[in-house]
Amino acid sequence: MEFLQSLIFIILPLFFSTLHLLKLIFRPKENCCYMLNYECYKATDDRKSDTESAVRVVMRNKNYGWEQYKFLFRTIVNSGIGEDSYVPKIVMDGKEENPTLSDSLEEIDDLFFQTLDNLFSKSKVSPQEMDILVVNVSLLSPVPSLTARIINCYKMRPDLKVYNLSGMGCSASLVAIDIVKDMFKVYKRKFAIVVSTESLGANWYCGNDNSMMLSNCLFRSGGCSMLFTNNPDFKNRAIMKLSHMVRTHLGSNDEAYECCIQVEDDKGYLSFRLTKKLPKAAAQALTMNFEVLLPKIFGFVRYFLVYKWRGKKKGTMGLNLKSGVEHFCIHPGGRAVIDGVGKILALTDDDIEPARMTLHRFGNTSAGGLWYVLGYMEAKQRLKKGDRILMISLGAGFKCNNCVWEVLRDLKDPNVWEDCIEKYPVKIIENPYNEKYGWINEEYMSFIRLEDCVFAS
């Protein structure tokens with residue numbers, strides 16, 4: 001009898017200790033970062049930049065000469081952007097040379113509150129339930145802050161943890177999510193909102209420096225609001241889970257730092273300067289980022305033996321990313337950016353199709369661009385439970401921020417692509433500018449006086 005009692009005293013603690021250990025092992029991790037929903041911005045049709053409206057904007061600029069017209073039209077033709085992208089309202093109204101703070105705030109408010117209203121409604125959560133708010137807008141930093149505008153509008157709680165990011169460029173969205181991920185390690189069972197967009201109207205370039213005129217050809221209105229949680233009770237409502245995040249910053253390199261920078265030209269016009277050093281900086285940042293990210297995706301042994309060793313032996317990167325991820329969400333920064341990343345990673349046309357089509361439909365919407373690419377994949381019903389998505393973002397600094405998401409359920413929301421997804425992918429991307437205004441680049445036309453030309457009514 002004494003032996004049996006002794007055995008019970010030994011077995012029972014061992015049993016409960018083992019049970020507790022199993023609970024710790026198999027319980028949902030509260031430091032996971034789940035995405036519950038995202039909502040992309042869609043402007044009104046009167047802000048669409050078709051051929052004729054774009055030509056009117058170009059032609060009313062008195063600082064342009066023949067060479068600037070040739071450069072702009074050649075750039076527009078080769079941009080990969082179609083007829084349906086959106087520009088700021090003040091540009092369509094002809095006020096781009098004298099923007100006011102009110103114009104900038106109106107532009108931002110329209111995006112903030114359209115996307116957030118839809119996000120809260122779709123997710124069935126209240127603004128007062130939010131615990132963390134991160135807003136990134138690179139080129140606008142008013143007082144009170146942009147986060148304060150959102151808090152004031154929705155009357156959010158006073159204990160809300162708030163972060164207002166500026167100057168982060170096109171890769172800012174993943175910087176904001178990385179902040180949320182780190183906050184989730186400290187604060188349990190919380191909700192977080194990230195809002196990513198850009199202020200374009202007040203930063204529309206009105207000078208005649210070619211390296212700064214590029215921004216007008218590429219950047220378009222857009223942005224996204226996203227809802228995250230680390231509460232395991234909401235796992236079944238989540239659409240994706242963040243698996244890996246790696247950020248790379250080349251700000252210590254002068255060429256990389258200066259390749260994408262906000263400056264004034266010699267006449268005092270403020271805008272972004274994009275230099276020829278940008279592709280080199282992007283390739284270097286991407287390579288350095290992948291040296292950290294790929295071992296996380298494939299495991300160190302597999303990465304080193306199969307990819308690192310084989311790549312060096314063959315004189316290539318030796319990558320077959322499709323054995324680790326199913327989808328590629330590339331920042332739609334421009335045709336050269338998309339094609340360059342595709343070439344470096346040996347991706348197929350199908351792999352980079354979502355980024356190309358996003359560029360064609362919405363243009364480069366800066367920090368919000370990745371989510372239009374994701375929306376394209378979802379609208380095409382390509383994202384299935386268990387799939388992994390590699391997000392690749394590049395931006396001023398120079399930065400490369402990449403992450404991997406795991407899809408938690410089949411996704412099929414038509415989102416902002418609903419009215420046009422059926423006509424995509426566009427097989428041959430032809431720009432109407434070329435047909436109507438391609439003659440401007442012919443050398444034999446250079447004798448024509450600008451005042452004699454009628455480009456658009």
# chains A, B, ... in the order shown; residues from 1 in each chain; ligands from 1
>>> residues_around(residues="A:Ser171", least_positions_apart="2", cutoff="12 Å", atoms="only C-alpha atoms", output="VMD selection string")
chain A and resid 136 to 138 165 to 169 173 to 178 196 to 198 246 to 249 282 330 to 333 364 to 371 391 to 403
>>> atom_distance(atom1="atom CA of A:Ser49", atom2="atom CA of A:Ala202")
17.3 Å
>>> select_by_dssp(residues="stretch 161-197 of chain A", states="helix (DSSP H, G or I)", output="list in words")
Gly169, Cys170, Ser171, Ala172, Ser173, Leu174, Val175, Ala176, Ile177, Asp178, Ile179, Val180, Lys181, Asp182, Met183, Phe184, Lys185 and Val186 of chain A
>>> atom_distance(atom1="atom CA of A:Thr51", atom2="atom CA of A:Glu83")
6.6 Å
>>> select_by_dssp(residues="stretch 211-446 of chain A", states="strand (DSSP E)", output="JSON, numbers by chain")
{"A": [223, 224, 225, 226, 227, 228, 229, 240, 241, 242, 243, 244, 245, 246, 247, 248, 249, 260, 261, 262, 263, 264, 270, 271, 272, 273, 274, 327, 328, 329, 330, 388, 389, 390, 391, 392, 393, 394, 395, 399, 400, 401, 402, 403, 404, 405, 406, 407]}
>>> closest_residue(among="A:Leu270, A:Cys329, A:Ile108, A:Cys40", to="A:Asp209", atoms="only C-alpha atoms")
A:Leu270
>>> atom_distance(atom1="atom CA of A:Phe228", atom2="atom CA of A:Asn37")
7.5 Å
>>> closest_residue(among="A:Asn208, A:Ser145, A:Thr115, A:Ser123", to="A:Ala238", atoms="only C-alpha atoms")
A:Ser123
>>> closest_residue(among="A:Leu133, A:Ile338, A:Leu140, A:Val407", to="A:Ser104", atoms="only C-alpha atoms")
A:Leu140
>>> closest_residue(among="A:Ser199, A:Gln114, A:Thr75, A:Ser243", to="A:Tyr34", atoms="only C-alpha atoms")
A:Ser243
